[in-house]
Each structure stands twice: as structure tokens, then as C-alpha cells.
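Shown next: start33.tsv, containing TSV, C-alpha atoms and all ligand atoms.
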chain	number	residue	atom	x	y	z
A	1	MET	CA	18.02	-33.29	32.30
A	2	ILE	CA	16.78	-32.84	28.72
A	3	LYS	CA	12.99	-32.80	28.84
A	4	VAL	CA	11.12	-34.91	26.34
A	5	PHE	CA	7.86	-34.07	24.65
A	6	ASP	CA	6.68	-37.28	23.06
A	7	GLY	CA	4.61	-37.96	19.94
A	8	HIS	CA	2.42	-40.86	21.07
A	9	ASN	CA	1.19	-42.89	24.02
A	10	ASP	CA	-1.79	-45.13	24.77
A	11	THR	CA	-1.79	-44.44	28.50
A	12	LEU	CA	-5.45	-43.32	28.60
A	13	LEU	CA	-6.58	-46.70	27.28
A	14	ARG	CA	-4.57	-48.45	29.98
A	15	LEU	CA	-6.05	-46.17	32.66
A	16	GLN	CA	-9.59	-46.40	31.32
A	17	LYS	CA	-11.03	-48.60	34.05
A	18	LYS	CA	-8.75	-47.39	36.85
A	19	PRO	CA	-9.44	-44.65	39.39
A	20	THR	CA	-8.17	-41.20	38.40
A	21	THR	CA	-5.83	-41.16	41.41
A	22	ASP	CA	-3.93	-44.13	39.95
A	23	PHE	CA	-2.13	-41.92	37.46
A	24	PHE	CA	-0.57	-39.91	40.28
A	25	LYS	CA	0.86	-42.96	42.05
A	26	MET	CA	3.98	-44.84	41.06
A	27	HIS	CA	3.27	-48.25	39.56
A	28	ARG	CA	5.32	-51.19	38.37
A	29	SER	CA	3.21	-52.07	35.37
A	30	GLY	CA	2.58	-49.99	32.26
A	31	HIS	CA	4.92	-47.34	30.92
A	32	ILE	CA	3.66	-43.95	32.07
A	33	ASP	CA	2.32	-42.55	35.31
A	34	PHE	CA	2.92	-39.10	36.75
A	35	PRO	CA	5.75	-39.94	39.21
A	36	ARG	CA	7.64	-42.08	36.70
A	37	GLY	CA	7.13	-39.43	34.01
A	38	LYS	CA	8.79	-36.86	36.26
A	39	LEU	CA	11.74	-39.19	36.89
A	40	GLY	CA	12.20	-39.74	33.14
A	41	GLY	CA	12.07	-36.06	32.16
A	42	PHE	CA	8.76	-36.65	30.34
A	43	ALA	CA	7.30	-33.16	29.94
A	44	GLY	CA	4.27	-34.54	28.18
A	45	GLY	CA	3.09	-35.73	24.83
A	46	PHE	CA	0.30	-36.75	22.54
A	47	PHE	CA	-2.21	-38.82	24.52
A	48	ALA	CA	-4.26	-41.02	22.20
A	49	LEU	CA	-8.01	-41.48	22.28
A	50	PHE	CA	-8.16	-44.94	20.75
A	51	THR	CA	-11.17	-47.26	20.54
A	52	PRO	CA	-10.15	-50.88	20.05
A	53	GLY	CA	-12.16	-53.33	17.99
A	54	SER	CA	-13.77	-56.34	19.62
A	55	SER	CA	-10.95	-56.84	22.11
A	56	PRO	CA	-8.66	-54.34	23.81
A	57	LEU	CA	-5.01	-54.02	22.86
A	58	ASP	CA	-3.02	-56.43	24.96
A	59	THR	CA	0.59	-55.33	25.09
A	60	THR	CA	1.66	-58.42	27.04
A	61	ARG	CA	0.67	-60.74	24.21
A	62	GLY	CA	3.28	-62.23	21.90
A	63	PRO	CA	3.31	-61.77	18.12
A	64	LYS	CA	1.29	-64.91	17.52
A	65	GLY	CA	-1.53	-63.78	19.76
A	66	ARG	CA	-1.69	-60.22	18.52
A	67	GLY	CA	-4.62	-59.61	16.27
A	68	ARG	CA	-5.70	-63.22	16.41
A	69	GLU	CA	-8.68	-62.08	18.43
A	70	THR	CA	-11.36	-61.76	15.82
A	71	GLY	CA	-12.27	-58.23	15.03
A	72	LEU	CA	-9.26	-56.27	16.27
A	73	PHE	CA	-8.57	-54.95	12.79
A	74	GLU	CA	-12.18	-54.96	11.58
A	75	PRO	CA	-13.93	-51.63	11.02
A	76	ILE	CA	-15.80	-50.31	14.06
A	77	ASN	CA	-18.96	-48.25	13.95
A	78	HIS	CA	-19.28	-44.56	14.69
A	79	GLU	CA	-21.43	-44.91	17.83
A	80	LYS	CA	-19.04	-47.34	19.50
A	81	ALA	CA	-16.04	-45.16	18.59
A	82	LEU	CA	-17.73	-41.98	19.81
A	83	THR	CA	-18.55	-43.57	23.16
A	84	GLY	CA	-15.00	-44.91	23.51
A	85	THR	CA	-13.52	-41.55	22.53
A	86	LEU	CA	-15.66	-39.57	24.98
A	87	ASN	CA	-14.80	-41.99	27.78
A	88	LEU	CA	-11.06	-41.48	27.27
A	89	ALA	CA	-11.42	-37.72	26.77
A	90	ALA	CA	-13.38	-37.59	30.03
A	91	LYS	CA	-10.59	-39.52	31.75
A	92	LEU	CA	-8.07	-36.95	30.55
A	93	LEU	CA	-10.23	-34.02	31.68
A	94	CYS	CA	-10.57	-35.69	35.10
A	95	LEU	CA	-6.79	-36.15	35.33
A	96	GLU	CA	-6.29	-32.47	34.57
A	97	ARG	CA	-8.79	-31.38	37.22
A	98	ALA	CA	-7.48	-33.81	39.85
A	99	SER	CA	-3.89	-32.65	39.30
A	100	ARG	CA	-4.54	-29.07	40.54
A	101	GLY	CA	-2.30	-27.60	37.89
A	102	SER	CA	0.46	-30.19	37.66
A	103	PHE	CA	-1.07	-31.98	34.63
A	104	MET	CA	-2.51	-29.84	31.86
A	105	ILE	CA	-4.25	-30.34	28.54
A	106	ILE	CA	-2.36	-28.37	25.90
A	107	ARG	CA	-4.60	-26.51	23.45
A	108	SER	CA	-2.26	-23.74	22.27
A	109	ILE	CA	1.38	-23.00	21.63
A	110	ASP	CA	1.50	-20.69	24.64
A	111	GLN	CA	0.33	-23.55	26.83
A	112	LEU	CA	2.92	-25.88	25.27
A	113	LEU	CA	5.72	-23.40	25.97
A	114	GLN	CA	4.38	-22.77	29.47
A	115	CYS	CA	4.34	-26.50	30.11
A	116	MET	CA	7.90	-26.97	28.82
A	117	ALA	CA	9.14	-24.11	31.02
A	118	SER	CA	7.42	-25.37	34.17
A	119	GLU	CA	7.26	-28.51	36.26
A	120	ALA	CA	3.85	-29.40	34.83
A	121	MET	CA	3.20	-32.38	32.58
A	122	GLY	CA	1.20	-31.68	29.41
A	123	ALA	CA	-1.14	-33.68	27.20
A	124	ILE	CA	-2.15	-33.01	23.60
A	125	ILE	CA	-5.44	-34.74	22.80
A	126	HIS	CA	-4.90	-37.01	19.80
A	127	LEU	CA	-7.64	-39.01	18.10
A	128	GLU	CA	-6.12	-42.26	16.79
A	129	GLY	CA	-8.44	-43.28	13.95
A	130	ALA	CA	-11.30	-40.94	13.08
A	131	GLU	CA	-14.25	-43.34	13.52
A	132	ALA	CA	-15.66	-41.09	16.26
A	133	ILE	CA	-16.14	-38.35	13.63
A	134	ASP	CA	-19.42	-38.44	11.69
A	135	GLU	CA	-19.48	-37.83	7.95
A	136	ASN	CA	-20.85	-34.29	8.46
A	137	LEU	CA	-17.86	-33.57	10.73
A	138	ASN	CA	-20.08	-32.22	13.53
A	139	CYS	CA	-18.21	-34.32	16.08
A	140	LEU	CA	-14.94	-32.79	14.86
A	141	GLU	CA	-16.20	-29.34	15.87
A	142	VAL	CA	-17.27	-30.56	19.31
A	143	LEU	CA	-14.07	-32.50	19.96
A	144	TYR	CA	-12.03	-29.48	18.84
A	145	ALA	CA	-13.89	-27.38	21.39
A	146	ALA	CA	-13.03	-30.01	24.02
A	147	GLY	CA	-9.34	-29.67	23.14
A	148	LEU	CA	-8.67	-32.07	20.25
A	149	ARG	CA	-5.54	-30.84	18.45
A	150	SER	CA	-4.26	-33.90	16.58
A	151	LEU	CA	-6.00	-36.58	14.53
A	152	GLY	CA	-4.93	-39.75	12.77
A	153	ILE	CA	-7.28	-40.37	9.88
A	154	THR	CA	-7.12	-44.14	10.39
A	155	TRP	CA	-5.80	-46.69	12.83
A	156	SER	CA	-4.79	-50.03	11.23
A	157	ARG	CA	-8.27	-50.59	9.80
A	158	LYS	CA	-10.66	-49.09	7.30
A	159	ASN	CA	-13.12	-46.32	8.04
A	160	ILE	CA	-15.30	-43.88	6.08
A	161	PHE	CA	-12.31	-41.57	5.55
A	162	GLY	CA	-9.54	-43.93	4.47
A	163	THR	CA	-7.70	-47.23	4.87
A	164	GLY	CA	-5.08	-48.08	7.46
A	165	VAL	CA	-2.08	-50.38	7.06
A	166	SER	CA	-2.01	-53.88	8.46
A	167	LEU	CA	-0.02	-54.61	11.61
A	168	ASN	CA	0.23	-58.32	10.92
A	169	HIS	CA	2.28	-58.58	7.75
A	170	PHE	CA	6.05	-58.65	7.90
A	171	PRO	CA	7.84	-57.81	5.76
A	172	GLY	CA	5.19	-55.67	4.15
A	173	THR	CA	4.58	-52.55	2.16
A	174	PRO	CA	2.44	-49.60	3.31
A	175	ASP	CA	1.02	-49.54	-0.22
A	176	ILE	CA	-2.13	-51.52	0.56
A	177	GLY	CA	-5.62	-50.43	-0.44
A	178	PRO	CA	-7.17	-47.28	-1.86
A	179	GLY	CA	-6.53	-43.64	-0.99
A	180	LEU	CA	-8.77	-41.24	0.92
A	181	THR	CA	-12.51	-41.26	0.32
A	182	LYS	CA	-14.43	-38.10	-0.51
A	183	GLN	CA	-15.22	-37.71	3.20
A	184	GLY	CA	-11.55	-38.25	3.95
A	185	ARG	CA	-10.61	-35.38	1.68
A	186	ARG	CA	-13.16	-33.16	3.41
A	187	LEU	CA	-11.73	-34.19	6.77
A	188	VAL	CA	-8.25	-33.06	5.67
A	189	SER	CA	-9.45	-29.59	4.73
A	190	ALA	CA	-11.57	-29.28	7.89
A	191	CYS	CA	-8.50	-30.17	10.01
A	192	ASN	CA	-6.44	-27.60	8.09
A	193	GLN	CA	-9.06	-24.93	8.75
A	194	LEU	CA	-9.48	-25.73	12.45
A	195	GLY	CA	-5.73	-26.10	12.94
A	196	ILE	CA	-5.79	-29.77	13.91
A	197	LEU	CA	-2.56	-31.66	13.19
A	198	ILE	CA	-3.10	-34.55	10.76
A	199	ASP	CA	-1.17	-37.66	11.73
A	200	LEU	CA	-0.09	-40.02	8.94
A	201	SER	CA	0.96	-42.95	11.17
A	202	HIS	CA	-1.24	-46.02	10.47
A	203	LEU	CA	-2.52	-44.57	7.16
A	204	ASN	CA	-1.78	-46.50	3.98
A	205	GLU	CA	0.54	-45.13	1.31
A	206	LYS	CA	-2.11	-43.95	-1.15
A	207	GLY	CA	-3.81	-42.10	1.71
A	208	PHE	CA	-0.44	-40.59	2.63
A	209	TRP	CA	0.03	-39.16	-0.85
A	210	ASP	CA	-3.54	-37.87	-0.91
A	211	VAL	CA	-2.92	-35.96	2.33
A	212	ALA	CA	0.40	-34.72	0.94
A	213	ALA	CA	-1.41	-33.31	-2.11
A	214	LEU	CA	-4.31	-31.76	-0.17
A	215	SER	CA	-2.95	-30.50	3.13
A	216	ASP	CA	-1.42	-27.05	3.46
A	217	LYS	CA	0.31	-27.90	6.75
A	218	PRO	CA	3.55	-29.78	7.55
A	219	LEU	CA	3.19	-33.55	7.17
A	220	VAL	CA	3.60	-35.54	10.35
A	221	ALA	CA	3.90	-39.19	11.33
A	222	THR	CA	3.66	-39.16	15.13
A	223	HIS	CA	4.88	-42.73	15.72
A	224	SER	CA	6.48	-44.44	12.69
A	225	ASN	CA	9.97	-45.52	11.67
A	226	PRO	CA	12.02	-45.79	8.46
A	227	HIS	CA	10.87	-48.74	6.34
A	228	THR	CA	14.42	-49.25	5.06
A	229	LEU	CA	15.52	-50.40	8.55
A	230	CYS	CA	12.40	-52.37	9.42
A	231	GLN	CA	10.01	-53.40	6.69
A	232	SER	CA	6.78	-53.17	8.66
A	233	PRO	CA	3.85	-51.71	6.69
A	234	ARG	CA	3.59	-49.25	9.64
A	235	ASN	CA	6.89	-47.66	8.67
A	236	LEU	CA	7.61	-45.00	6.04
A	237	THR	CA	9.52	-45.45	2.80
A	238	ASP	CA	12.42	-43.10	2.06
A	239	LYS	CA	10.24	-41.32	-0.47
A	240	GLN	CA	7.61	-40.66	2.21
A	241	LEU	CA	10.26	-39.52	4.70
A	242	VAL	CA	11.69	-37.04	2.21
A	243	GLU	CA	8.18	-35.72	1.52
A	244	VAL	CA	7.54	-35.19	5.26
A	245	ALA	CA	10.79	-33.26	5.60
A	246	GLY	CA	10.08	-31.21	2.48
A	247	THR	CA	6.95	-29.79	4.12
A	248	GLY	CA	8.81	-28.93	7.32
A	249	GLY	CA	7.18	-31.86	9.12
A	250	VAL	CA	8.34	-34.39	11.68
A	251	VAL	CA	8.64	-38.16	12.12
A	252	GLY	CA	8.28	-39.42	15.72
A	253	ILE	CA	10.37	-42.54	16.26
A	254	ASN	CA	8.35	-45.44	17.63
A	255	PHE	CA	10.06	-47.46	20.41
A	256	GLY	CA	8.00	-50.56	19.61
A	257	VAL	CA	10.50	-53.37	18.96
A	258	ARG	CA	8.44	-54.77	16.08
A	259	PHE	CA	8.82	-51.43	14.29
A	260	LEU	CA	12.54	-51.17	15.08
A	261	ARG	CA	13.97	-54.61	14.35
A	262	GLU	CA	15.15	-55.77	10.96
A	263	ASP	CA	13.32	-59.08	11.52
A	264	GLY	CA	10.15	-57.42	12.88
A	265	LYS	CA	10.13	-59.74	15.91
A	266	GLU	CA	8.40	-58.79	19.13
A	267	ASP	CA	11.59	-59.29	21.09
A	268	PRO	CA	11.92	-57.09	24.18
A	269	SER	CA	15.64	-57.86	24.48
A	270	THR	CA	16.13	-55.43	21.55
A	271	PRO	CA	18.73	-52.90	22.76
A	272	ILE	CA	18.20	-49.14	23.00
A	273	ALA	CA	20.98	-48.97	20.39
A	274	GLN	CA	18.35	-50.01	17.85
A	275	ILE	CA	16.39	-46.80	18.56
A	276	VAL	CA	19.67	-44.91	18.16
A	277	ASN	CA	20.12	-46.54	14.72
A	278	HIS	CA	16.72	-45.20	13.67
A	279	VAL	CA	17.57	-41.71	14.94
A	280	ASN	CA	20.84	-41.78	12.99
A	281	TYR	CA	19.18	-43.01	9.83
A	282	LEU	CA	16.51	-40.32	9.97
A	283	VAL	CA	19.01	-37.58	10.77
A	284	ASP	CA	21.17	-38.70	7.82
A	285	THR	CA	18.23	-39.06	5.42
A	286	ILE	CA	16.02	-36.04	6.24
A	287	GLY	CA	17.93	-33.87	8.71
A	288	ILE	CA	17.73	-33.28	12.43
A	289	HIS	CA	14.88	-30.75	12.19
A	290	HIS	CA	12.49	-33.50	11.16
A	291	VAL	CA	13.23	-36.12	13.80
A	292	ALA	CA	11.43	-36.53	17.12
A	293	PHE	CA	10.22	-39.24	19.49
A	294	GLY	CA	6.86	-41.01	19.25
A	295	SER	CA	7.42	-43.69	21.88
A	296	ASP	CA	4.10	-45.58	21.72
A	297	PHE	CA	4.43	-46.05	25.50
A	298	ASP	CA	1.59	-48.18	26.88
A	299	GLY	CA	0.68	-49.25	23.35
A	300	THR	CA	3.39	-51.67	22.32
A	301	THR	CA	6.33	-53.80	23.46
A	302	ILE	CA	9.39	-51.62	24.01
A	303	PRO	CA	13.01	-52.63	24.79
A	304	ASN	CA	13.42	-54.10	28.29
A	305	SER	CA	16.44	-51.85	28.78
A	306	MET	CA	14.14	-48.83	28.26
A	307	GLY	CA	11.68	-50.40	30.69
A	308	ASP	CA	9.24	-47.53	30.90
A	309	VAL	CA	9.22	-43.74	30.67
A	310	ARG	CA	12.09	-43.62	33.19
A	311	GLY	CA	14.33	-45.02	30.44
A	312	LEU	CA	14.20	-41.83	28.35
A	313	PRO	CA	17.43	-40.40	29.87
A	314	LYS	CA	19.22	-43.63	28.83
A	315	LEU	CA	18.25	-42.96	25.23
A	316	ILE	CA	19.29	-39.31	25.47
A	317	ASN	CA	22.63	-40.34	26.99
A	318	ALA	CA	23.21	-42.97	24.28
A	319	LEU	CA	22.73	-40.24	21.67
A	320	ARG	CA	24.98	-37.85	23.58
A	321	LYS	CA	27.71	-40.47	23.68
A	322	ILE	CA	27.88	-40.66	19.90
A	323	GLY	CA	28.13	-36.92	19.44
A	324	TYR	CA	24.70	-35.32	19.65
A	325	GLY	CA	25.08	-32.05	21.55
A	326	ASP	CA	22.50	-30.33	23.75
A	327	ASN	CA	21.12	-28.24	20.88
A	328	ASP	CA	20.60	-31.33	18.71
A	329	LEU	CA	19.08	-33.30	21.56
A	330	LYS	CA	16.63	-30.52	22.41
A	331	LYS	CA	15.45	-30.42	18.81
A	332	ILE	CA	14.75	-34.15	18.79
A	333	ALA	CA	13.37	-34.20	22.33
A	334	SER	CA	10.85	-31.36	22.01
A	335	GLU	CA	11.67	-28.38	19.81
A	336	ASN	CA	10.79	-30.03	16.50
A	337	TRP	CA	7.34	-30.87	17.84
A	338	ALA	CA	6.91	-27.28	19.06
A	339	ARG	CA	7.86	-25.88	15.63
A	340	VAL	CA	5.41	-28.08	13.74
A	341	LEU	CA	2.57	-27.41	16.17
A	342	LYS	CA	3.23	-23.68	15.96
A	343	THR	CA	2.85	-23.84	12.18
A	344	THR	CA	-0.20	-26.11	12.32
A	345	TRP	CA	-2.36	-24.81	15.17
A	346	ARG	CA	-4.36	-21.61	14.99
A	347	GLN	CA	-2.74	-18.88	17.08
B	401	ZN	ZN	-0.61	-46.37	16.97

Output the file's structure as C-alpha cells, nothing else.
Ligand code: ZN
Amino acid sequence: MIKVFDGHNDTLLRLQKKPTTDFFKMHRSGHIDFPRGKLGGFAGGFFALFTPGSSPLDTTRGPKGRGRETGLFEPINHEKALTGTLNLAAKLLCLERASRGSFMIIRSIDQLLQCMASEAMGAIIHLEGAEAIDENLNCLEVLYAAGLRSLGITWSRKNIFGTGVSLNHFPGTPDIGPGLTKQGRRLVSACNQLGILIDLSHLNEKGFWDVAALSDKPLVATHSNPHTLCQSPRNLTDKQLVEVAGTGGVVGINFGVRFLREDGKEDPSTPIAQIVNHVNYLVDTIGIHHVAFGSDFDGTTIPNSMGDVRGLPKLINALRKIGYGDNDLKKIASENWARVLKTTWRQ
């Protein structure tokens, strides 16, 4: 089985109020737990620390309900975000300790390679929206020491560093709002210095081009799709895709149906073939070295035929059927992530 290292999940948020042992039992609901991950060849991925606005993300809700809760896309304050972030980071640390070696937090390339070569499952700590970071960046230092290795400057809302794209407009452009603030620019260089990957998913287009101009590391969108195929503001224009590839970066394909479908509908009957279309488009447009997966498991509505993390082999097989060989599949499934992280993280 081809093992997958995946660019994004919101599993920690789903597990937040559950006992640590829950992760190690097989469940019917949600997308990722340890036993199902093993069955799907999920070697690990980026686990998001995400603090919702006034109401938690509800992945069962239809498109009309999403975001209607007041405040979901409103800015949140630093204290609330820091508390939320520490709670989820603590959950991840507890999972690692409870696993007795079978679930590990990945803080270095050696650990990533060790994880890929073993039976362990690995987690990269990703901060989705930087509200938990104070303007002096002291919290960045502390979170780095705790294992933070990837950071999205914004979620789909505004903060002191930049402006995120809306999730509610379809069709829509990512070119909404101003670029990075002065603090945002300082955050980019601090991440470069510490060796923290900067994630461009959820950031608006002006912010994207600011990061492109400032950052000396490969550009990465951990969970976004080509805008040409689905005109969600969350997706990347061809110009942005070409820029990512030009820096040696990676785009992680989001399995969320609203980011895959031409009509942007939250329709779970969307076939896995639609994910395959996005893979093909990216491979044709920017080359296979810049394409990966960023499932968004536990954070969005995915195709019913994928079901949960156990559906990954179906996707791999669908790609194999149309001519992707083992070497190609390994690049998309994990090696492209490993290359970018090797270039980005401090050795
Ligand atoms: Zn996201």
C-alpha cells in the first residue's frame, strides 16, 4: 500500500472534548482515528490547531447553515486563540504520550523519515490562523519549542497579520482585502528564521503575493485547489499555482466537495473522480513535483465514496488506473511534502 502523508486535518478540534483514548479506538463518525488511519495507509499529516469564532465548525451542516452563526468569520482575540491553541496542542501531546511510540509529533526531517519508514503515525503541528501569536512574536518562540513547524498566517478572517479569504462567496476571487500588515511581514521573516513552514491556504491574494516577495522558502498551500476548476475564493489562480511551483513549493489538494466542484455545492455525492480531475489539472499546469494531498479530513464535507481516511487507497487506485505509476504516486502521496519540509525546516 502507498502510504500517504497528508497536508491538513482538523481532527484535534473534533477530539477536543473527548477522552484521549478515543483516538485509538475505531469510530463510525469523523474522518480520522488511529485504527482507521492504519487501514487507509495514513502515515500522518499536518494536524491543525484551529480556534473557531463564536461557534465551532460544524461539518454536518449544509451550505446554508455554514457561517450563518454570527461570529464564525469575525476576528477573534489573542487570549481566546492562545487558550484554544494550547488546549489542542496539549491534546496532541497527550495523544503522543498515550500512544507509547505508535503516534509521534514530527519536529524534524529525521523524525519524518523515521515515521514514514515505520508503522508509527506522525503529526506535524500546524497553527491555522496566527491569532494565538502576539505582536511581539513571543508566543511563536514558545510554540516552536513545543513543536510548531507550520503556520497559516490567517484562517478565513482578519487578524493583526493579514486578511483571510471568505468561505461564503461562490463564485469568488481570492483578491479580497489588503495585503500583510507590518506585523505580518515580521511574522514571515520570523518563520523563515525559525524554519516554520508558512501556509498560504486561507490567505487572500494580496497577502499571498506579499509572502511570495518576502519569504526565502518554498511557497506552500497545504489545502487548496485550482481556482480554474472551482471558483471558490479559497482556491488558487493559475498565476498563484505557477508561482508556488517556481519556488519549489507544493499545493495540497483539498477533498472538500465545495472546493472541488464546478458549482461549489456542498454535495457529498461528488465522486472521487473529481479529486482525480484536480490532480490531473495540477500535474498538467505545474508538474508532479508540486502536487500533494491536503485532505481537510474532519474539517469539511468530503465525497461519500471517500467516506473517511480509509478511502485513501481508492483515490490512489483511481490515479493508478489512469496511468500514474508507483514513483509518481509516492511523490504525490508523501515525497513532495518531505522535500519541501527538508528545504524549509532547520536541520
Ligand atoms: Zn482550513

Could you give me, as a count of residues only, the residues within 12 Å of Trp337 (chain A), counting all atoms listed in the file and dropping anything in the same chain fewer than 5 positions from it?
-> 38

Work out how far apart CA of Gln183 (chain A) and CA of Glu243 (chain A) are and give it in Å to one decimal.
-> 23.5 Å

Residues within 7 Å of ligand ZN 401 (chain B), counting only C-alpha atoms and all ligand atoms: report them as number ranges by chain.
-> A: 128, 155, 201-202, 223, 296

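Remark: for Gly129 (chain A), the closest of the candidate residues A:Leu167, A:Ala117, A:Ile198, A:Ile253 is A:Ile198 (distances computed over only C-alpha atoms).
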
Write out as a VMD selection string the residues lying within 10 Å of Arg258 (chain A), counting all atoms listed in the file and excluding same-chain residues fewer than 3 positions away.
-> chain A and resid 63 167 170 230 to 232 234 254 to 255 261 to 268 270 300 to 302

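Interatomic distance, CA of Lys91 (chain A) to CA of Met104 (chain A): 12.6 Å.
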
If you count all atoms listed in the file, which residues fall within 7 Å of Ile286 (chain A), apart from same-chain ones fewer than 3 positions away, as an NGL selection string?
-> :A and (241-242 or 245 or 282-283 or 290)
